[in-house]
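Asks: Handing you this structure, nothing more for now.
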Amino acid sequence: MTRKHLTYTEPSGWTSSGHCLEDRAAAERLRAATNLLGGRSAAARRTWSITECPGDDCGVQR
Ligand SMILES: [Zn+2]
């Protein structure tokens, strides 16, 4: 299993709902795209997390 979960946390402690991506490269592409959309200041304060997907029924949007 090489799928990855991508989430980010804001300084307030709020964590994004997350995405389940096919692999780390896909997760990094989405991270880059999200940072572009949010703008530089938003990107700078986000803490990103890429973790292993636990399995087929993880319940995270794909
Ligand atoms: Zn998953």
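Ordering of the structure tokens sets the chain letters (A, B, ...), residue numbers begin anew at 1 in every chain, and ligands are numbered from 1 in the order given.
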Taking only C-alpha atoms and all ligand atoms into account, list the residues no farther than 6 Å from ligand 1, as an mmCIF file with C-alpha atoms, in the first residue's frame.

Replies:
data_model
loop_
_atom_site.group_PDB
_atom_site.id
_atom_site.type_symbol
_atom_site.label_atom_id
_atom_site.label_comp_id
_atom_site.auth_asym_id
_atom_site.auth_seq_id
_atom_site.Cartn_x
_atom_site.Cartn_y
_atom_site.Cartn_z
ATOM 1 C CA HIS A 5 -3.013 11.038 3.081
ATOM 2 C CA CYS A 20 -6.246 10.274 -0.103
ATOM 3 C CA CYS A 53 -3.094 5.458 4.021
ATOM 4 C CA GLY A 55 -6.258 0.871 3.584
ATOM 5 C CA CYS A 58 -9.986 4.736 4.954
ATOM 6 C CA VAL A 60 -10.881 9.950 3.226
#

Asks: Report as a PyMOL selection string all protein, DNA and RNA residues lying within 10 Å of Thr15 of chain A, evaluated on only C-alpha atoms, omitting residues in the same chain fewer than 4 positions from it.

Replies: chain A and resi 7-11+46-49

Asks: Which one is closest to Ala32 of chain A: A:Leu6, A:Thr51, A:Asp56, A:Gly13? Count only C-alpha atoms.

Replies: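 Of A:Leu6, A:Thr51, A:Asp56, A:Gly13, the one nearest Ala32 of chain A is A:Leu6, counting only C-alpha atoms.
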
Asks: Which parts of chain A does DSSP call helix (DSSP H, G or I) when run on the backbone here, written out as a list of chain:residue names?

Replies: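 Filtering chain A to helix (DSSP H, G or I) leaves A:Arg24, A:Ala25, A:Ala26, A:Ala27, A:Glu28, A:Arg29, A:Leu30, A:Arg31, A:Ala32, A:Ala33, A:Thr34, A:Asn35, A:Leu36, A:Leu37, A:Gly38, A:Arg40, A:Ser41, A:Ala42, A:Ala43, A:Ala44, A:Arg45.
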
Asks: Save out the residues we just selected, all heavy atoms, as a compact mmCIF listing (two decimals), in the first residue's frame.

Replies:
# COMPACT_ATOMS: atom_id res chain seq x y z
N ARG A 24 3.03 9.36 -3.02
CA ARG A 24 3.61 10.58 -2.46
C ARG A 24 3.74 11.69 -3.51
O ARG A 24 3.52 12.86 -3.20
CB ARG A 24 4.99 10.27 -1.85
CG ARG A 24 5.74 11.50 -1.35
CD ARG A 24 6.96 11.17 -0.53
NE ARG A 24 6.58 10.68 0.80
CZ ARG A 24 6.43 11.49 1.86
NH1 ARG A 24 6.63 12.77 1.75
NH2 ARG A 24 6.07 11.00 3.03
N ALA A 25 4.06 11.32 -4.74
CA ALA A 25 4.20 12.33 -5.78
C ALA A 25 2.88 13.06 -6.00
O ALA A 25 2.85 14.29 -6.17
CB ALA A 25 4.69 11.70 -7.08
N ALA A 26 1.78 12.31 -6.00
CA ALA A 26 0.46 12.93 -6.18
C ALA A 26 0.14 13.84 -5.00
O ALA A 26 -0.43 14.93 -5.18
CB ALA A 26 -0.60 11.84 -6.32
N ALA A 27 0.51 13.41 -3.80
CA ALA A 27 0.27 14.23 -2.61
C ALA A 27 1.06 15.53 -2.70
O ALA A 27 0.56 16.61 -2.37
CB ALA A 27 0.64 13.46 -1.34
N GLU A 28 2.30 15.43 -3.17
CA GLU A 28 3.13 16.63 -3.27
C GLU A 28 2.63 17.57 -4.35
O GLU A 28 2.72 18.79 -4.23
CB GLU A 28 4.59 16.23 -3.48
CG GLU A 28 5.16 15.60 -2.20
CD GLU A 28 6.60 15.14 -2.35
OE1 GLU A 28 7.13 15.13 -3.48
OE2 GLU A 28 7.19 14.78 -1.31
N ARG A 29 2.07 17.00 -5.43
CA ARG A 29 1.47 17.86 -6.47
C ARG A 29 0.27 18.62 -5.91
O ARG A 29 0.11 19.81 -6.18
CB ARG A 29 1.03 17.01 -7.67
CG ARG A 29 2.15 16.68 -8.63
CD ARG A 29 1.61 16.23 -9.98
NE ARG A 29 0.76 15.05 -9.90
CZ ARG A 29 1.22 13.79 -9.89
NH1 ARG A 29 2.51 13.56 -9.96
NH2 ARG A 29 0.39 12.78 -9.81
N LEU A 30 -0.58 17.94 -5.16
CA LEU A 30 -1.75 18.61 -4.60
C LEU A 30 -1.32 19.67 -3.57
O LEU A 30 -1.90 20.75 -3.51
CB LEU A 30 -2.69 17.59 -3.95
CG LEU A 30 -3.96 18.19 -3.33
CD1 LEU A 30 -4.77 18.93 -4.38
CD2 LEU A 30 -4.80 17.10 -2.68
N ARG A 31 -0.30 19.37 -2.79
CA ARG A 31 0.21 20.35 -1.83
C ARG A 31 0.67 21.60 -2.58
O ARG A 31 0.35 22.72 -2.18
CB ARG A 31 1.38 19.74 -1.04
CG ARG A 31 1.99 20.72 -0.04
CD ARG A 31 3.08 20.07 0.77
NE ARG A 31 4.18 19.60 -0.08
CZ ARG A 31 5.22 18.91 0.35
NH1 ARG A 31 5.30 18.56 1.61
NH2 ARG A 31 6.16 18.53 -0.48
N ALA A 32 1.42 21.43 -3.67
CA ALA A 32 1.92 22.57 -4.43
C ALA A 32 0.76 23.36 -5.03
O ALA A 32 0.76 24.60 -5.01
CB ALA A 32 2.86 22.08 -5.53
N ALA A 33 -0.24 22.65 -5.57
CA ALA A 33 -1.38 23.32 -6.18
C ALA A 33 -2.17 24.10 -5.14
O ALA A 33 -2.64 25.22 -5.40
CB ALA A 33 -2.28 22.30 -6.87
N THR A 34 -2.33 23.51 -3.95
CA THR A 34 -3.09 24.17 -2.89
C THR A 34 -2.33 25.40 -2.40
O THR A 34 -2.93 26.44 -2.13
CB THR A 34 -3.34 23.19 -1.73
OG1 THR A 34 -4.00 22.04 -2.25
CG2 THR A 34 -4.20 23.83 -0.66
N ASN A 35 -1.03 25.30 -2.31
CA ASN A 35 -0.24 26.45 -1.90
C ASN A 35 -0.34 27.58 -2.92
O ASN A 35 -0.43 28.75 -2.55
CB ASN A 35 1.23 26.05 -1.72
CG ASN A 35 1.49 25.44 -0.36
OD1 ASN A 35 0.74 25.64 0.58
ND2 ASN A 35 2.56 24.67 -0.26
N LEU A 36 -0.36 27.24 -4.20
CA LEU A 36 -0.52 28.26 -5.24
C LEU A 36 -1.86 28.96 -5.11
O LEU A 36 -1.94 30.19 -5.20
CB LEU A 36 -0.40 27.62 -6.63
CG LEU A 36 0.99 27.47 -7.22
CD1 LEU A 36 0.90 26.74 -8.55
CD2 LEU A 36 1.65 28.82 -7.39
N LEU A 37 -2.92 28.17 -4.90
CA LEU A 37 -4.26 28.74 -4.80
C LEU A 37 -4.38 29.66 -3.59
O LEU A 37 -5.05 30.69 -3.65
CB LEU A 37 -5.30 27.61 -4.68
CG LEU A 37 -5.74 26.95 -5.97
CD1 LEU A 37 -6.67 25.80 -5.64
CD2 LEU A 37 -6.46 27.96 -6.87
N GLY A 38 -3.78 29.25 -2.48
CA GLY A 38 -3.94 29.99 -1.24
C GLY A 38 -3.10 31.24 -1.17
O GLY A 38 -3.36 32.13 -0.36
N ARG A 40 0.97 33.10 -1.15
CA ARG A 40 2.22 32.86 -0.43
C ARG A 40 2.05 32.96 1.09
O ARG A 40 2.60 32.16 1.83
CB ARG A 40 3.27 33.87 -0.90
CG ARG A 40 4.65 33.59 -0.33
CD ARG A 40 5.66 34.57 -0.86
NE ARG A 40 5.80 34.47 -2.32
CZ ARG A 40 6.50 35.32 -3.05
NH1 ARG A 40 7.11 36.34 -2.48
NH2 ARG A 40 6.60 35.17 -4.35
N SER A 41 1.27 33.92 1.57
CA SER A 41 1.17 34.09 3.02
C SER A 41 0.41 32.92 3.65
O SER A 41 0.76 32.46 4.73
CB SER A 41 0.51 35.42 3.36
OG SER A 41 -0.81 35.45 2.87
N ALA A 42 -0.62 32.46 2.95
CA ALA A 42 -1.36 31.30 3.47
C ALA A 42 -0.48 30.07 3.44
O ALA A 42 -0.48 29.27 4.38
CB ALA A 42 -2.62 31.07 2.64
N ALA A 43 0.29 29.90 2.37
CA ALA A 43 1.15 28.73 2.25
C ALA A 43 2.19 28.70 3.36
O ALA A 43 2.50 27.65 3.90
CB ALA A 43 1.84 28.73 0.88
N ALA A 44 2.70 29.88 3.71
CA ALA A 44 3.80 29.95 4.68
C ALA A 44 3.37 29.53 6.07
O ALA A 44 4.18 29.05 6.85
CB ALA A 44 4.37 31.36 4.71
N ARG A 45 2.09 29.69 6.41
CA ARG A 45 1.69 29.38 7.79
C ARG A 45 1.10 27.99 7.92
O ARG A 45 0.76 27.57 9.02
CB ARG A 45 0.73 30.43 8.34
CG ARG A 45 -0.57 30.56 7.61
CD ARG A 45 -1.53 31.48 8.37
NE ARG A 45 -2.86 31.35 7.79
CZ ARG A 45 -3.34 32.16 6.84
NH1 ARG A 45 -2.63 33.18 6.42
NH2 ARG A 45 -4.54 31.97 6.34

Asks: So how many Å separate atom CA of His19 of chain A and atom CA of Gln61 of chain A, to one decimal?

Replies: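 Those two atoms sit 5.3 Å apart.
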
Asks: Output as a list of chain:residue names all residues of chain A that backbone DSSP marks as strand (DSSP E).

Replies: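 Selection result, strand (DSSP E) within chain A: A:Lys4, A:His5, A:Leu6, A:Thr7, A:Tyr8, A:Thr9, A:His19, A:Cys20, A:Leu21, A:Thr47, A:Trp48, A:Ser49, A:Ile50, A:Thr51, A:Glu52.
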